[in-house]
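Asks: Below is the file upload_4.cif, which contains mmCIF, N, CA and C atoms and all ligand atoms.
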```cif
data_upload
loop_
_atom_site.label_atom_id
_atom_site.label_comp_id
_atom_site.auth_asym_id
_atom_site.auth_seq_id
_atom_site.Cartn_x
_atom_site.Cartn_y
_atom_site.Cartn_z
N MET A 1 115.30 71.34 96.25
CA MET A 1 114.67 72.65 96.09
C MET A 1 114.06 72.77 94.70
N LYS A 2 112.87 73.32 94.65
CA LYS A 2 112.20 73.49 93.36
C LYS A 2 112.90 74.55 92.52
N LYS A 3 112.89 74.34 91.22
CA LYS A 3 113.45 75.34 90.31
C LYS A 3 112.54 76.57 90.28
N ILE A 4 113.15 77.71 90.05
CA ILE A 4 112.40 78.97 90.02
C ILE A 4 112.05 79.33 88.58
N ILE A 5 110.77 79.62 88.35
CA ILE A 5 110.31 80.07 87.02
C ILE A 5 109.69 81.45 87.16
N TYR A 6 110.16 82.37 86.33
CA TYR A 6 109.54 83.70 86.24
C TYR A 6 108.63 83.72 85.01
N ILE A 7 107.43 84.26 85.20
CA ILE A 7 106.45 84.30 84.12
C ILE A 7 106.02 85.75 83.89
N ASP A 8 106.19 86.19 82.67
CA ASP A 8 105.78 87.54 82.26
C ASP A 8 104.25 87.63 82.25
N MET A 9 103.71 88.84 82.32
CA MET A 9 102.25 88.99 82.28
C MET A 9 101.74 89.24 80.86
N ASP A 10 102.03 90.43 80.32
CA ASP A 10 101.43 90.83 79.04
C ASP A 10 101.93 89.95 77.89
N GLY A 11 100.99 89.33 77.20
CA GLY A 11 101.36 88.47 76.08
C GLY A 11 101.68 87.05 76.49
N VAL A 12 101.69 86.78 77.80
CA VAL A 12 102.00 85.43 78.28
C VAL A 12 100.85 84.87 79.13
N ILE A 13 100.37 85.65 80.08
CA ILE A 13 99.17 85.23 80.82
C ILE A 13 98.02 86.24 80.67
N ALA A 14 98.34 87.49 80.33
CA ALA A 14 97.32 88.53 80.13
C ALA A 14 97.29 88.94 78.66
N ASN A 15 96.06 89.00 78.09
CA ASN A 15 95.94 89.22 76.65
C ASN A 15 95.98 90.71 76.28
N PHE A 16 97.19 91.24 76.28
CA PHE A 16 97.46 92.64 75.93
C PHE A 16 97.04 92.94 74.49
N ASP A 17 97.39 92.06 73.56
CA ASP A 17 97.11 92.31 72.13
C ASP A 17 95.63 92.45 71.84
N LYS A 18 94.82 91.66 72.54
CA LYS A 18 93.39 91.70 72.28
C LYS A 18 92.82 93.07 72.67
N ASP A 19 93.29 93.63 73.78
CA ASP A 19 92.81 94.94 74.18
C ASP A 19 93.35 96.04 73.26
N ALA A 20 94.59 95.86 72.79
CA ALA A 20 95.16 96.82 71.84
C ALA A 20 94.34 96.84 70.55
N GLU A 21 93.90 95.65 70.14
CA GLU A 21 93.05 95.55 68.95
C GLU A 21 91.73 96.28 69.15
N ARG A 22 91.16 96.08 70.32
CA ARG A 22 89.89 96.73 70.66
C ARG A 22 90.02 98.25 70.52
N LEU A 23 91.20 98.76 70.84
CA LEU A 23 91.46 100.20 70.77
C LEU A 23 91.87 100.65 69.37
N GLY A 24 91.89 99.71 68.41
CA GLY A 24 92.27 100.06 67.04
C GLY A 24 93.78 100.07 66.82
N ASN A 25 94.49 99.28 67.63
CA ASN A 25 95.95 99.16 67.52
C ASN A 25 96.66 100.51 67.41
N PRO A 26 96.54 101.35 68.44
CA PRO A 26 97.23 102.65 68.42
C PRO A 26 98.74 102.49 68.49
N HIS A 27 99.47 103.50 68.05
CA HIS A 27 100.91 103.54 68.27
C HIS A 27 101.13 103.56 69.78
N ARG A 28 102.10 102.78 70.27
CA ARG A 28 102.35 102.68 71.72
C ARG A 28 101.09 102.28 72.50
N PRO A 29 100.56 101.09 72.24
CA PRO A 29 99.34 100.66 72.96
C PRO A 29 99.53 100.62 74.48
N ASP A 30 100.76 100.51 74.95
CA ASP A 30 101.00 100.48 76.40
C ASP A 30 100.54 101.77 77.09
N LYS A 31 100.35 102.81 76.31
CA LYS A 31 99.87 104.07 76.88
C LYS A 31 98.36 104.05 77.11
N TYR A 32 97.67 103.10 76.48
CA TYR A 32 96.20 103.15 76.50
C TYR A 32 95.51 101.88 76.99
N VAL A 33 96.19 100.77 76.91
CA VAL A 33 95.54 99.49 77.25
C VAL A 33 95.02 99.50 78.69
N ASP A 34 93.86 98.85 78.87
CA ASP A 34 93.23 98.76 80.19
C ASP A 34 93.80 97.53 80.92
N TYR A 35 94.94 97.72 81.54
CA TYR A 35 95.68 96.61 82.14
C TYR A 35 94.90 95.85 83.21
N GLY A 36 94.00 96.56 83.88
CA GLY A 36 93.26 95.92 84.97
C GLY A 36 92.20 94.95 84.49
N ASN A 37 91.86 95.03 83.19
CA ASN A 37 90.77 94.19 82.68
C ASN A 37 91.18 93.34 81.49
N LEU A 38 92.44 93.03 81.37
CA LEU A 38 92.88 92.18 80.26
C LEU A 38 92.34 90.76 80.45
N GLU A 39 92.01 90.13 79.33
CA GLU A 39 91.57 88.73 79.39
C GLU A 39 92.77 87.82 79.62
N LEU A 40 92.48 86.62 80.07
CA LEU A 40 93.54 85.62 80.22
C LEU A 40 93.97 85.11 78.85
N ILE A 41 95.23 84.79 78.71
CA ILE A 41 95.71 84.09 77.52
C ILE A 41 95.22 82.64 77.60
N PRO A 42 94.74 82.08 76.49
CA PRO A 42 94.25 80.70 76.53
C PRO A 42 95.29 79.73 77.12
N GLY A 43 94.82 78.93 78.05
CA GLY A 43 95.68 77.92 78.64
C GLY A 43 96.53 78.39 79.81
N ALA A 44 96.55 79.71 80.04
CA ALA A 44 97.45 80.24 81.06
C ALA A 44 97.08 79.78 82.47
N LYS A 45 95.79 79.80 82.75
CA LYS A 45 95.38 79.47 84.12
C LYS A 45 95.76 78.04 84.47
N ASP A 46 95.38 77.09 83.63
CA ASP A 46 95.71 75.69 83.90
C ASP A 46 97.22 75.46 83.92
N ALA A 47 97.93 76.16 83.04
CA ALA A 47 99.38 75.99 82.97
C ALA A 47 100.04 76.41 84.29
N LEU A 48 99.61 77.53 84.82
CA LEU A 48 100.22 78.02 86.06
C LEU A 48 99.86 77.15 87.26
N ILE A 49 98.62 76.64 87.24
CA ILE A 49 98.22 75.71 88.31
C ILE A 49 99.14 74.49 88.28
N GLN A 50 99.39 73.99 87.07
CA GLN A 50 100.28 72.83 86.93
C GLN A 50 101.71 73.17 87.34
N LEU A 51 102.25 74.25 86.81
CA LEU A 51 103.64 74.62 87.11
C LEU A 51 103.83 74.85 88.61
N ASN A 52 102.82 75.40 89.25
CA ASN A 52 102.93 75.73 90.67
C ASN A 52 103.10 74.49 91.54
N LYS A 53 102.71 73.32 91.00
CA LYS A 53 102.87 72.08 91.75
C LYS A 53 104.33 71.64 91.78
N ASP A 54 105.06 71.95 90.73
CA ASP A 54 106.40 71.39 90.58
C ASP A 54 107.53 72.42 90.60
N PHE A 55 107.17 73.69 90.53
CA PHE A 55 108.19 74.75 90.49
C PHE A 55 107.80 75.87 91.45
N ASP A 56 108.79 76.70 91.74
CA ASP A 56 108.54 77.91 92.54
C ASP A 56 108.31 79.03 91.52
N ILE A 57 107.07 79.43 91.31
CA ILE A 57 106.80 80.37 90.24
C ILE A 57 106.54 81.80 90.75
N PHE A 58 107.02 82.74 89.96
CA PHE A 58 106.83 84.16 90.25
C PHE A 58 106.37 84.86 88.97
N ILE A 59 105.63 85.92 89.12
CA ILE A 59 105.24 86.75 87.98
C ILE A 59 106.22 87.91 87.91
N ALA A 60 106.77 88.15 86.71
CA ALA A 60 107.71 89.25 86.51
C ALA A 60 107.20 90.11 85.36
N SER A 61 106.82 91.34 85.68
CA SER A 61 106.17 92.18 84.69
C SER A 61 106.76 93.58 84.69
N THR A 62 106.67 94.23 83.52
CA THR A 62 107.17 95.60 83.38
C THR A 62 106.01 96.55 83.10
N PRO A 63 105.50 97.23 84.12
CA PRO A 63 104.43 98.19 83.87
C PRO A 63 105.00 99.46 83.26
N PRO A 64 104.18 100.18 82.46
CA PRO A 64 104.69 101.43 81.88
C PRO A 64 105.08 102.43 82.97
N TRP A 65 106.27 102.98 82.84
CA TRP A 65 106.80 103.89 83.86
C TRP A 65 105.92 105.12 84.03
N ASP A 66 105.34 105.60 82.94
CA ASP A 66 104.55 106.83 82.99
C ASP A 66 103.10 106.63 83.40
N ARG A 67 102.72 105.39 83.72
CA ARG A 67 101.35 105.14 84.19
C ARG A 67 101.40 104.43 85.53
N PRO A 68 101.69 105.16 86.60
CA PRO A 68 101.85 104.52 87.91
C PRO A 68 100.63 103.75 88.38
N THR A 69 99.43 104.12 87.93
CA THR A 69 98.25 103.37 88.37
C THR A 69 98.26 101.94 87.82
N VAL A 70 98.95 101.74 86.70
CA VAL A 70 99.04 100.39 86.13
C VAL A 70 99.77 99.45 87.08
N TRP A 71 100.69 99.99 87.88
CA TRP A 71 101.43 99.15 88.82
C TRP A 71 100.45 98.48 89.79
N GLY A 72 99.49 99.25 90.25
CA GLY A 72 98.46 98.70 91.13
C GLY A 72 97.48 97.82 90.37
N ALA A 73 97.15 98.21 89.14
CA ALA A 73 96.20 97.44 88.34
C ALA A 73 96.72 96.03 88.10
N LYS A 74 98.01 95.90 87.94
CA LYS A 74 98.60 94.58 87.72
C LYS A 74 98.48 93.71 88.96
N ARG A 75 98.68 94.32 90.09
CA ARG A 75 98.53 93.61 91.37
C ARG A 75 97.09 93.13 91.54
N GLU A 76 96.12 93.99 91.17
CA GLU A 76 94.71 93.62 91.30
C GLU A 76 94.32 92.55 90.28
N TRP A 77 94.83 92.68 89.08
CA TRP A 77 94.55 91.67 88.04
C TRP A 77 95.04 90.30 88.50
N LEU A 78 96.22 90.29 89.07
CA LEU A 78 96.80 89.03 89.53
C LEU A 78 95.94 88.42 90.64
N GLU A 79 95.46 89.27 91.54
CA GLU A 79 94.64 88.77 92.64
C GLU A 79 93.32 88.18 92.12
N ARG A 80 92.77 88.79 91.06
CA ARG A 80 91.51 88.32 90.51
C ARG A 80 91.68 86.95 89.84
N HIS A 81 92.75 86.79 89.09
CA HIS A 81 92.90 85.56 88.31
C HIS A 81 93.77 84.50 88.98
N PHE A 82 94.71 84.94 89.78
CA PHE A 82 95.63 83.99 90.43
C PHE A 82 95.81 84.38 91.90
N PRO A 83 94.72 84.31 92.69
CA PRO A 83 94.80 84.78 94.09
C PRO A 83 95.83 84.00 94.91
N TRP A 84 96.16 82.81 94.46
CA TRP A 84 97.13 81.97 95.19
C TRP A 84 98.58 82.39 94.91
N LEU A 85 98.77 83.32 94.01
CA LEU A 85 100.13 83.83 93.77
C LEU A 85 100.40 85.06 94.64
N LYS A 86 100.01 84.96 95.86
CA LYS A 86 100.15 86.08 96.80
C LYS A 86 101.63 86.37 97.07
N ARG A 87 101.98 87.64 96.99
CA ARG A 87 103.35 88.11 97.25
C ARG A 87 104.37 87.47 96.30
N LYS A 88 103.91 87.13 95.10
CA LYS A 88 104.83 86.54 94.13
C LYS A 88 104.87 87.35 92.85
N LEU A 89 104.69 88.66 92.98
CA LEU A 89 104.74 89.57 91.84
C LEU A 89 105.98 90.45 91.92
N ILE A 90 106.74 90.46 90.84
CA ILE A 90 107.92 91.32 90.75
C ILE A 90 107.73 92.27 89.58
N LEU A 91 107.79 93.57 89.86
CA LEU A 91 107.67 94.57 88.81
C LEU A 91 109.05 95.15 88.56
N THR A 92 109.53 95.01 87.33
CA THR A 92 110.90 95.42 87.02
C THR A 92 111.07 95.75 85.54
N HIS A 93 111.98 96.64 85.25
CA HIS A 93 112.36 96.92 83.87
C HIS A 93 113.66 96.19 83.49
N ARG A 94 114.16 95.34 84.41
CA ARG A 94 115.44 94.65 84.19
C ARG A 94 115.30 93.15 84.46
N LYS A 95 114.77 92.42 83.51
CA LYS A 95 114.56 90.99 83.73
C LYS A 95 115.87 90.21 83.75
N ASP A 96 116.93 90.81 83.23
CA ASP A 96 118.24 90.15 83.29
C ASP A 96 118.74 90.05 84.73
N LEU A 97 118.21 90.85 85.64
CA LEU A 97 118.69 90.83 87.02
C LEU A 97 118.00 89.77 87.87
N LEU A 98 116.95 89.15 87.34
CA LEU A 98 116.26 88.10 88.09
C LEU A 98 117.16 86.87 88.20
N ILE A 99 117.16 86.25 89.37
CA ILE A 99 117.97 85.05 89.59
C ILE A 99 117.04 83.85 89.65
N GLY A 100 117.22 82.93 88.71
CA GLY A 100 116.36 81.76 88.70
C GLY A 100 116.68 80.86 87.53
N ASP A 101 115.81 79.90 87.26
CA ASP A 101 116.12 78.87 86.28
C ASP A 101 115.50 79.11 84.91
N ILE A 102 114.24 79.56 84.90
CA ILE A 102 113.53 79.74 83.63
C ILE A 102 112.79 81.07 83.63
N LEU A 103 112.81 81.75 82.50
CA LEU A 103 112.02 82.97 82.31
C LEU A 103 111.14 82.75 81.08
N ILE A 104 109.83 82.84 81.28
CA ILE A 104 108.89 82.70 80.16
C ILE A 104 108.40 84.09 79.80
N ASP A 105 108.79 84.58 78.63
CA ASP A 105 108.53 85.98 78.29
C ASP A 105 108.42 86.14 76.77
N ASP A 106 107.48 86.97 76.34
CA ASP A 106 107.27 87.15 74.90
C ASP A 106 108.06 88.32 74.32
N SER A 107 108.75 89.07 75.17
CA SER A 107 109.48 90.24 74.70
C SER A 107 110.98 90.04 74.90
N ARG A 108 111.77 90.79 74.16
CA ARG A 108 113.22 90.70 74.35
C ARG A 108 113.84 92.06 74.67
N TRP A 109 113.01 93.00 75.08
CA TRP A 109 113.49 94.38 75.24
C TRP A 109 113.74 94.79 76.69
N ARG A 110 113.60 93.87 77.61
CA ARG A 110 113.81 94.20 79.03
C ARG A 110 114.89 93.32 79.64
N GLY A 111 115.87 92.98 78.85
CA GLY A 111 116.98 92.19 79.37
C GLY A 111 116.79 90.69 79.29
N GLN A 112 115.68 90.25 78.70
CA GLN A 112 115.41 88.80 78.64
C GLN A 112 116.56 88.01 78.03
N PRO A 113 117.18 88.47 76.91
CA PRO A 113 118.27 87.67 76.32
C PRO A 113 119.47 87.50 77.26
N ASP A 114 119.60 88.35 78.26
CA ASP A 114 120.73 88.25 79.19
C ASP A 114 120.37 87.58 80.50
N PHE A 115 119.15 87.07 80.60
CA PHE A 115 118.75 86.30 81.79
C PHE A 115 119.71 85.12 81.95
N LYS A 116 120.20 84.88 83.16
CA LYS A 116 121.25 83.88 83.36
C LYS A 116 120.74 82.43 83.28
N GLY A 117 119.45 82.23 83.46
CA GLY A 117 118.88 80.89 83.27
C GLY A 117 118.47 80.70 81.83
N THR A 118 117.41 79.96 81.61
CA THR A 118 116.89 79.72 80.26
C THR A 118 115.71 80.64 79.98
N TRP A 119 115.84 81.42 78.92
CA TRP A 119 114.72 82.28 78.51
C TRP A 119 113.91 81.55 77.45
N LEU A 120 112.64 81.32 77.71
CA LEU A 120 111.73 80.73 76.73
C LEU A 120 110.94 81.86 76.09
N TRP A 121 111.20 82.05 74.81
CA TRP A 121 110.61 83.19 74.08
C TRP A 121 109.18 82.85 73.68
N PHE A 122 108.26 83.08 74.60
CA PHE A 122 106.86 82.69 74.43
C PHE A 122 106.24 83.35 73.19
N GLY A 123 105.52 82.54 72.40
CA GLY A 123 104.83 83.08 71.23
C GLY A 123 105.71 83.20 69.99
N THR A 124 107.01 83.10 70.17
CA THR A 124 107.94 83.27 69.04
C THR A 124 108.79 82.01 68.82
N ALA A 125 109.46 81.54 69.85
CA ALA A 125 110.30 80.35 69.71
C ALA A 125 109.43 79.17 69.28
N GLN A 126 109.98 78.35 68.41
CA GLN A 126 109.22 77.26 67.79
C GLN A 126 108.52 76.38 68.82
N LYS A 127 109.22 76.07 69.90
CA LYS A 127 108.65 75.14 70.88
C LYS A 127 107.88 75.82 72.00
N CYS A 128 107.73 77.13 71.90
CA CYS A 128 106.98 77.87 72.94
C CYS A 128 105.92 78.76 72.32
N LYS A 129 105.25 78.25 71.32
CA LYS A 129 104.24 79.05 70.61
C LYS A 129 103.04 79.36 71.50
N ASN A 130 102.70 78.42 72.37
CA ASN A 130 101.54 78.60 73.24
C ASN A 130 101.81 77.87 74.56
N TRP A 131 100.82 77.86 75.45
CA TRP A 131 101.05 77.24 76.75
C TRP A 131 101.19 75.72 76.66
N LYS A 132 100.45 75.11 75.73
CA LYS A 132 100.52 73.64 75.61
C LYS A 132 101.95 73.20 75.28
N SER A 133 102.53 73.81 74.23
CA SER A 133 103.87 73.40 73.83
C SER A 133 104.93 73.85 74.85
N THR A 134 104.68 74.98 75.49
CA THR A 134 105.65 75.47 76.49
C THR A 134 105.71 74.52 77.69
N LEU A 135 104.55 74.06 78.13
CA LEU A 135 104.52 73.11 79.25
C LEU A 135 105.23 71.81 78.86
N GLU A 136 104.97 71.33 77.65
CA GLU A 136 105.62 70.10 77.20
C GLU A 136 107.14 70.26 77.23
N LEU A 137 107.60 71.41 76.74
CA LEU A 137 109.04 71.67 76.70
C LEU A 137 109.64 71.70 78.11
N ILE A 138 108.96 72.36 79.01
CA ILE A 138 109.47 72.48 80.38
C ILE A 138 109.54 71.12 81.06
N TYR A 139 108.47 70.34 80.93
CA TYR A 139 108.45 69.05 81.62
C TYR A 139 109.41 68.05 80.98
N LYS A 140 109.66 68.22 79.69
CA LYS A 140 110.58 67.31 79.01
C LYS A 140 112.03 67.65 79.35
N ASN A 141 112.34 68.92 79.45
CA ASN A 141 113.77 69.31 79.55
C ASN A 141 114.23 69.90 80.88
N TYR A 142 113.33 70.41 81.66
CA TYR A 142 113.78 71.16 82.83
C TYR A 142 113.24 70.67 84.15
N LYS A 143 112.35 69.69 84.13
CA LYS A 143 111.77 69.23 85.39
C LYS A 143 112.82 68.45 86.17
MG MG B 201 105.19 90.54 77.65
#
```
Using the file provided, produce a representation of the structure as structure tokens.
Ligand SMILES: [Mg+2]
Replies:
Amino acid sequence: MKKIIYIDMDGVIANFDKDAERLGNPHRPDKYVDYGNLELIPGAKDALIQLNKDFDIFIASTPPWDRPTVWGAKREWLERHFPWLKRKLILTHRKDLLIGDILIDDSRWRGQPDFKGTWLWFGTAQKCKNWKSTLELIYKNYK
């Protein structure tokens, strides 16, 4: 059976920071960012195509609770960029409750440190600064 990998959206495959910058970096950018039109993070598309060959991958994202339309926008964004990830989107505020092997996530505020598998702190951990190094780490240690 293939190992299960959960992949966060904002800051991992969707470029949240770039849109926040466009808005002048407001306090609480999650209240204003245009989630439906975020750019891809460099390397994300090819990385997911590769991972999908060897792992069972799911997207795990936390949309802002007070912006219910964002829940739909995330579904549409995923269909535009990753149409082959059909029915593989999980929206949750509790990533510690996900059951699987690896969680790739740039935040630590939604239960990521308590995930029962391996949490790869994307963008922060030394070996997971970007998709290139993250893929190398996964194939070296977890395949
Ligand atoms: Mg994130």
Asks: Using only N, CA and C atoms, which protein or nucleic acid residues come within 7 Å of stretch 133-142 of chain A? Drop anything in the same chain fewer than 5 positions from it, and give the result as a list in words.
Replies: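 Result of the neighbour search: Ala47, Lys127 and Cys128 of chain A.
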Asks: Can those selected residues be exported to a file as a PDB file, keeping the file's coordinate frame so that it contains N, CA and C atoms?
Replies:
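Once written, out11.pdb looks like this:
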```pdb
ATOM      1  N   ALA A  47      97.930  76.160  83.040  1.00  0.00           N
ATOM      2  CA  ALA A  47      99.380  75.990  82.970  1.00  0.00           C
ATOM      3  C   ALA A  47     100.040  76.410  84.290  1.00  0.00           C
ATOM      4  N   LYS A 127     109.220  76.070  69.900  1.00  0.00           N
ATOM      5  CA  LYS A 127     108.650  75.140  70.880  1.00  0.00           C
ATOM      6  C   LYS A 127     107.880  75.820  72.000  1.00  0.00           C
ATOM      7  N   CYS A 128     107.730  77.130  71.900  1.00  0.00           N
ATOM      8  CA  CYS A 128     106.980  77.870  72.940  1.00  0.00           C
ATOM      9  C   CYS A 128     105.920  78.760  72.320  1.00  0.00           C
TER      10      CYS A 128
END
```
Asks: Taking all atoms listed in the file into account, report as a CSV table (one decimal) with N, CA and C atoms, in the coordinates of the input which residues have an atom no farther than 6 Å from an atom of ligand MG 201 (chain B).
Replies:
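In the end it all went to result_17.csv:
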```csv
chain,number,residue,atom,x,y,z
A,8,ASP,N,106.2,86.2,82.7
A,8,ASP,CA,105.8,87.5,82.3
A,8,ASP,C,104.2,87.6,82.2
A,9,MET,N,103.7,88.8,82.3
A,9,MET,CA,102.2,89.0,82.3
A,9,MET,C,101.7,89.2,80.9
A,10,ASP,N,102.0,90.4,80.3
A,10,ASP,CA,101.4,90.8,79.0
A,10,ASP,C,101.9,90.0,77.9
A,11,GLY,N,101.0,89.3,77.2
A,11,GLY,CA,101.4,88.5,76.1
A,11,GLY,C,101.7,87.0,76.5
A,12,VAL,N,101.7,86.8,77.8
A,12,VAL,CA,102.0,85.4,78.3
A,12,VAL,C,100.8,84.9,79.1
A,105,ASP,N,108.8,84.6,78.6
A,105,ASP,CA,108.5,86.0,78.3
A,105,ASP,C,108.4,86.1,76.8
A,106,ASP,N,107.5,87.0,76.3
A,106,ASP,CA,107.3,87.2,74.9
A,106,ASP,C,108.1,88.3,74.3
A,107,SER,N,108.8,89.1,75.2
A,107,SER,CA,109.5,90.2,74.7
A,107,SER,C,111.0,90.0,74.9
```
Asks: Excluding same-chain residues fewer than 5 positions from A:Leu103, what lies within 8 Å of it counting only C-alpha atoms, as a list in words?
Replies: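 Neighbouring residues, sequence-local ones excluded: Ile5, Tyr6, Ile7, Asp8, Gln112, Phe115, Gly117, Thr118, Trp119 and Leu120 of chain A.
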Asks: Which value, in Å to one decimal, gives the distance between atom C of A:Lys45 and atom CA of A:Lys129?
Replies: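 Going from atom C of A:Lys45 over to atom CA of A:Lys129 covers 16.3 Å.
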Asks: Which is closest to A:Lys2 among A:Asn15, A:Asp66, A:Asp30, A:Asp56, if we use all atoms listed in the file?
Replies: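 Answer, going by the shortest atom-to-atom distance: A:Asp56.
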Asks: Using DSSP assignments from the backbone, pull out every residue in chain A that falls under helix (DSSP H, G or I) and give it to me as number ranges by chain.
Replies: A: 16-22, 29-31, 35-37, 44-54, 68-81, 95-97, 112-114, 126-128, 131-141
Asks: Would you compute the distance between atom C of A:Arg87 and atom N of A:Gly43? Give it in Å to one decimal.
Replies: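 Atom-to-atom, atom C of A:Arg87 and atom N of A:Gly43 are spaced 22.3 Å apart.
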Asks: What's around A:Lys3 at 6 Å? Count all atoms listed in the file, leave out sequence neighbours fewer than 6 positions away in its own chain, and write the answer as a PDB file with N, CA and C atoms, keeping the file's coordinate frame.
Replies:
```pdb
ATOM      1  N   ASP A  54     105.060  71.950  90.730  1.00  0.00           N
ATOM      2  CA  ASP A  54     106.400  71.390  90.580  1.00  0.00           C
ATOM      3  C   ASP A  54     107.530  72.420  90.600  1.00  0.00           C
ATOM      4  N   PHE A  55     107.170  73.690  90.530  1.00  0.00           N
ATOM      5  CA  PHE A  55     108.190  74.750  90.490  1.00  0.00           C
ATOM      6  C   PHE A  55     107.800  75.870  91.450  1.00  0.00           C
ATOM      7  N   ASP A  56     108.790  76.700  91.740  1.00  0.00           N
ATOM      8  CA  ASP A  56     108.540  77.910  92.540  1.00  0.00           C
ATOM      9  C   ASP A  56     108.310  79.030  91.520  1.00  0.00           C
ATOM     10  N   ASP A 101     115.810  79.900  87.260  1.00  0.00           N
ATOM     11  CA  ASP A 101     116.120  78.870  86.280  1.00  0.00           C
ATOM     12  C   ASP A 101     115.500  79.110  84.910  1.00  0.00           C
TER      13      ASP A 101
END
```
Asks: Under the rule that only N, CA and C atoms are counted, which of A:Ile13, A:Met1, A:Ile102, A:Leu89 is the nearest residue to A:Glu39?
Replies: A:Ile13
Asks: Separation of atom N of A:Ile59 and atom C of A:Phe82, in Å?
Replies: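 Taking atom N of A:Ile59 as the start and atom C of A:Phe82 as the end point, the length is 10.3 Å.
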